[in-house]
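Some notes on the structure that comes next.
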Amino acid sequence: MVLGNYKSAVAARSTDKGILSASQDGGIVTQLFAFALDEGIIDGAIVAGQGAEPWMPEPVVATTRAELFAARGTRYTISPNMALIKEATRSYGLDKVGIVGTPCQMQGLRKAQLYPIGMRDVPDKIALAIGIFCMENFPYQGLETMVEDHCTVKMESAVKMDIGKGKFSVYTERGGLSQIPLKLTHKYEQPGCHVCLDYVSNLADVSTGSVGTPDGWSTVFVRTKVGDSVWARAVDAGCFETKPIEDVKPGLELVTKLATDKITKNQKTVEARASFGVKADGSGKALRNPYL
């Protein structure tokens, strides 16, 4: 299954206008972590905060709503959130940790929980893992070139970046919009992205992305028992407005297409590497989530 195992799939958005005002789409990650903090489901969450340069992410441990809100939005260069797990549990003393990450980071998280070499006493402290859809990522220098050279926007002037409908878009603080065809961005992609066979974060408790739903909404896959419990409580508490995924356009058909495209394209890279003796962590087989 290219979409992985899941218990339910819905279109959703936060009911908090403050969260939506600066979120990438439906504000799912920020809202779900905020609810989990309020309810004591997590003590804090490892999220992508602002780094030393504009749009350079840096992993931070958010233990308040204000810290969560400061990390809203998508940054199209990787934030090494996994690197902060030990510090979250030891330096911060968190017993119930939330973490958000890309599909590859969700794979790393589950492997660390199953084989906790170097992560003693950490695996059972992961209370909520939220995965985000990801086709590819860019090194910071590549992202900077895309924004400043191709889109002719200074990094510090950008207020939002987005990928959709075949274009990379940059929105400016003065209301401007600069776009380039997505085909121009391919040469800047992280090489490691080309062996990843997961588009929708199959191994997360809850995974989300904008594809499949209208602007301002997000597609949400609830995948595990933990995810199902937290999501149901958050919906019951009025944190989210939801619609059946079958009632929105373009729906799961587009999500399935993009997930399939990623697997088909990257499987060729995996096979090419194998042909000259380089193994990649991608056999084409679906990885099973042990936390279902």
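How things are named: the first chain in the structure tokens is A, the next is B, and so on; residues count from 1 in each chain; ligands count from 1 in the order shown.
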Closest atom pairs, segment 148-220 of chain A residues within 9 Å of segment 102-123 of chain A, only C-alpha atoms, as JSON lines:
{"residue": "A:Cys193", "atom": "CA", "partner": "A:Cys104", "partner_atom": "CA", "distance": 8.7}
{"residue": "A:Cys196", "atom": "CA", "partner": "A:Cys104", "partner_atom": "CA", "distance": 7.1}
{"residue": "A:Leu197", "atom": "CA", "partner": "A:Pro103", "partner_atom": "CA", "distance": 8.9}
{"residue": "A:Asp198", "atom": "CA", "partner": "A:Pro103", "partner_atom": "CA", "distance": 6.0}
{"residue": "A:Tyr199", "atom": "CA", "partner": "A:Pro103", "partner_atom": "CA", "distance": 6.7}
{"residue": "A:Val200", "atom": "CA", "partner": "A:Pro103", "partner_atom": "CA", "distance": 6.7}
{"residue": "A:Ser201", "atom": "CA", "partner": "A:Pro103", "partner_atom": "CA", "distance": 4.2}
{"residue": "A:Asn202", "atom": "CA", "partner": "A:Pro103", "partner_atom": "CA", "distance": 7.0}
{"residue": "A:Leu203", "atom": "CA", "partner": "A:Met106", "partner_atom": "CA", "distance": 5.9}
{"residue": "A:Ala204", "atom": "CA", "partner": "A:Met106", "partner_atom": "CA", "distance": 6.0}
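Within segment 6-82 of chain A, the backbone-based DSSP assignment of alpha helix (DSSP H) covers A:Lys17, A:Gly18, A:Ile19, A:Leu20, A:Ile28, A:Val29, A:Thr30, A:Gln31, A:Leu32, A:Phe33, A:Ala34, A:Phe35, A:Ala36, A:Leu37, A:Asp38, A:Arg65, A:Ala66, A:Glu67, A:Leu68, A:Phe69, A:Ala70.
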Open item on the list: Counting only C-alpha atoms, which residue out of A:Pro181, A:Gly44, A:Gly251, A:Gly73 sits closest to Phe168 of chain A?
Closed with: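 Among the listed residues, A:Pro181 lies closest to Phe168 of chain A.
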TODO: Would you return as a PyMOL selection string the members of segment 72-217 of chain A that DSSP assigns to strand (DSSP E) on this structure's backbone?
DONE: chain A and resi 97-101+126-132+158-164+167-172+177-181+206-209
Those residues with N, CA and C atoms, as a CSV table (one decimal), in the first residue's frame please?
chain,number,residue,atom,x,y,z
A,97,VAL,N,7.5,12.7,25.2
A,97,VAL,CA,8.0,13.6,24.1
A,97,VAL,C,7.2,13.5,22.9
A,98,GLY,N,6.9,14.6,22.3
A,98,GLY,CA,6.3,14.7,21.0
A,98,GLY,C,7.4,15.0,20.0
A,99,ILE,N,7.3,14.5,18.8
A,99,ILE,CA,8.3,14.9,17.7
A,99,ILE,C,7.7,14.9,16.4
A,100,VAL,N,8.0,15.9,15.6
A,100,VAL,CA,7.6,15.9,14.2
A,100,VAL,C,8.7,15.7,13.3
A,101,GLY,N,8.5,15.1,12.1
A,101,GLY,CA,9.6,14.8,11.2
A,101,GLY,C,9.1,14.4,9.9
A,126,ILE,N,8.8,8.4,23.9
A,126,ILE,CA,8.2,9.0,22.7
A,126,ILE,C,6.7,8.8,22.8
A,127,ALA,N,6.0,9.9,23.0
A,127,ALA,CA,4.5,9.8,23.3
A,127,ALA,C,3.7,10.1,22.1
A,128,LEU,N,4.2,10.9,21.1
A,128,LEU,CA,3.4,11.2,19.9
A,128,LEU,C,4.3,11.6,18.8
A,129,ALA,N,4.3,10.9,17.7
A,129,ALA,CA,5.1,11.1,16.6
A,129,ALA,C,4.2,11.6,15.4
A,130,ILE,N,4.5,12.8,14.9
A,130,ILE,CA,3.7,13.3,13.8
A,130,ILE,C,4.6,13.4,12.6
A,131,GLY,N,4.2,12.8,11.5
A,131,GLY,CA,5.0,12.8,10.3
A,131,GLY,C,4.4,13.8,9.2
A,132,ILE,N,5.2,14.3,8.4
A,132,ILE,CA,4.7,15.2,7.4
A,132,ILE,C,5.0,14.6,6.0
A,158,ALA,N,11.2,36.9,2.7
A,158,ALA,CA,10.1,35.8,2.5
A,158,ALA,C,9.4,35.6,3.7
A,159,VAL,N,8.0,35.4,3.6
A,159,VAL,CA,7.2,35.1,4.8
A,159,VAL,C,6.6,33.7,4.7
A,160,LYS,N,6.6,33.1,3.5
A,160,LYS,CA,6.1,31.8,3.3
A,160,LYS,C,6.7,31.2,2.0
A,161,MET,N,6.9,29.9,2.1
A,161,MET,CA,7.3,29.2,0.8
A,161,MET,C,6.4,28.0,0.7
A,162,ASP,N,6.1,27.6,-0.5
A,162,ASP,CA,5.2,26.6,-0.8
A,162,ASP,C,5.5,25.8,-2.1
A,163,ILE,N,5.2,24.5,-2.1
A,163,ILE,CA,5.3,23.7,-3.3
A,163,ILE,C,4.0,23.1,-3.6
A,164,GLY,N,3.5,23.4,-4.8
A,164,GLY,CA,2.2,22.8,-5.2
A,164,GLY,C,1.9,23.2,-6.6
A,167,LYS,N,4.7,24.1,-9.0
A,167,LYS,CA,5.5,25.3,-8.9
A,167,LYS,C,6.1,25.5,-7.4
A,168,PHE,N,7.2,26.1,-7.4
A,168,PHE,CA,7.8,26.5,-6.1
A,168,PHE,C,7.5,28.0,-5.9
A,169,SER,N,6.8,28.3,-4.8
A,169,SER,CA,6.3,29.7,-4.6
A,169,SER,C,6.9,30.3,-3.4
A,170,VAL,N,7.2,31.6,-3.5
A,170,VAL,CA,7.8,32.4,-2.4
A,170,VAL,C,6.9,33.6,-2.2
A,171,TYR,N,6.3,33.8,-1.0
A,171,TYR,CA,5.5,34.9,-0.7
A,171,TYR,C,6.3,35.9,0.1
A,172,THR,N,6.2,37.2,-0.2
A,172,THR,CA,7.0,38.3,0.5
A,172,THR,C,6.2,39.0,1.5
A,177,LEU,N,4.3,37.7,-4.7
A,177,LEU,CA,4.4,36.3,-5.0
A,177,LEU,C,5.4,36.0,-6.2
A,178,SER,N,6.4,35.2,-5.9
A,178,SER,CA,7.3,34.9,-7.0
A,178,SER,C,7.3,33.3,-7.1
A,179,GLN,N,7.2,32.8,-8.4
A,179,GLN,CA,7.1,31.4,-8.6
A,179,GLN,C,8.1,31.0,-9.7
A,180,ILE,N,8.5,29.7,-9.6
A,180,ILE,CA,9.3,29.1,-10.6
A,180,ILE,C,8.8,27.7,-10.9
A,181,PRO,N,8.9,27.2,-12.1
A,181,PRO,CA,8.5,25.8,-12.3
A,181,PRO,C,9.3,24.8,-11.4
A,206,VAL,N,0.4,10.0,13.5
A,206,VAL,CA,-0.4,10.8,12.7
A,206,VAL,C,0.4,11.4,11.6
A,207,SER,N,0.0,11.4,10.4
A,207,SER,CA,0.8,12.1,9.3
A,207,SER,C,-0.1,13.0,8.6
A,208,THR,N,0.5,14.1,8.1
A,208,THR,CA,-0.3,15.1,7.5
A,208,THR,C,0.4,15.9,6.4
A,209,GLY,N,-0.3,16.5,5.4
A,209,GLY,CA,0.2,17.3,4.4
A,209,GLY,C,-0.9,18.0,3.6
Would you mind listing, for every residue of segment 133-205 of chain A within 9 Å of segment 74-93 of chain A, the two atoms forming the shortest contact and the distance between them in Å to one decimal, using only C-alpha atoms, sorted by chain and ascending residue number, as CSV?
residue,atom,partner,partner_atom,distance
A:Glu136,CA,A:Tyr76,CA,8.6
A:Asn137,CA,A:Thr77,CA,5.6
A:Phe138,CA,A:Thr77,CA,4.9
A:Pro139,CA,A:Thr77,CA,5.6
A:Tyr140,CA,A:Thr77,CA,5.7
A:Gly142,CA,A:Thr77,CA,8.8
A:Leu143,CA,A:Thr77,CA,7.1
A:Lys160,CA,A:Thr74,CA,7.9
A:Met161,CA,A:Thr74,CA,7.3
A:Asp162,CA,A:Thr74,CA,7.9
A:Gln190,CA,A:Thr77,CA,9.0
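Interatomic distance, atom CA of Ser8 of chain A against atom CA of Phe240 of chain A: 14.9 Å.
Closest approach to Glu39 of chain A from the set A:Lys96, A:Val195, A:Glu144, A:Thr269 is made by A:Lys96, with distances taken over only C-alpha atoms.
Across the model, the gap from atom CA of Glu253 of chain A to atom CA of Val2 of chain A is 11.5 Å.
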Task: Pick from A:Ala34, A:Leu184, A:Ile19, A:Met135 nearest to Asn266 of chain A, counting only C-alpha atoms - done: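 Counting only C-alpha atoms, the residue closest to Asn266 of chain A is A:Met135.
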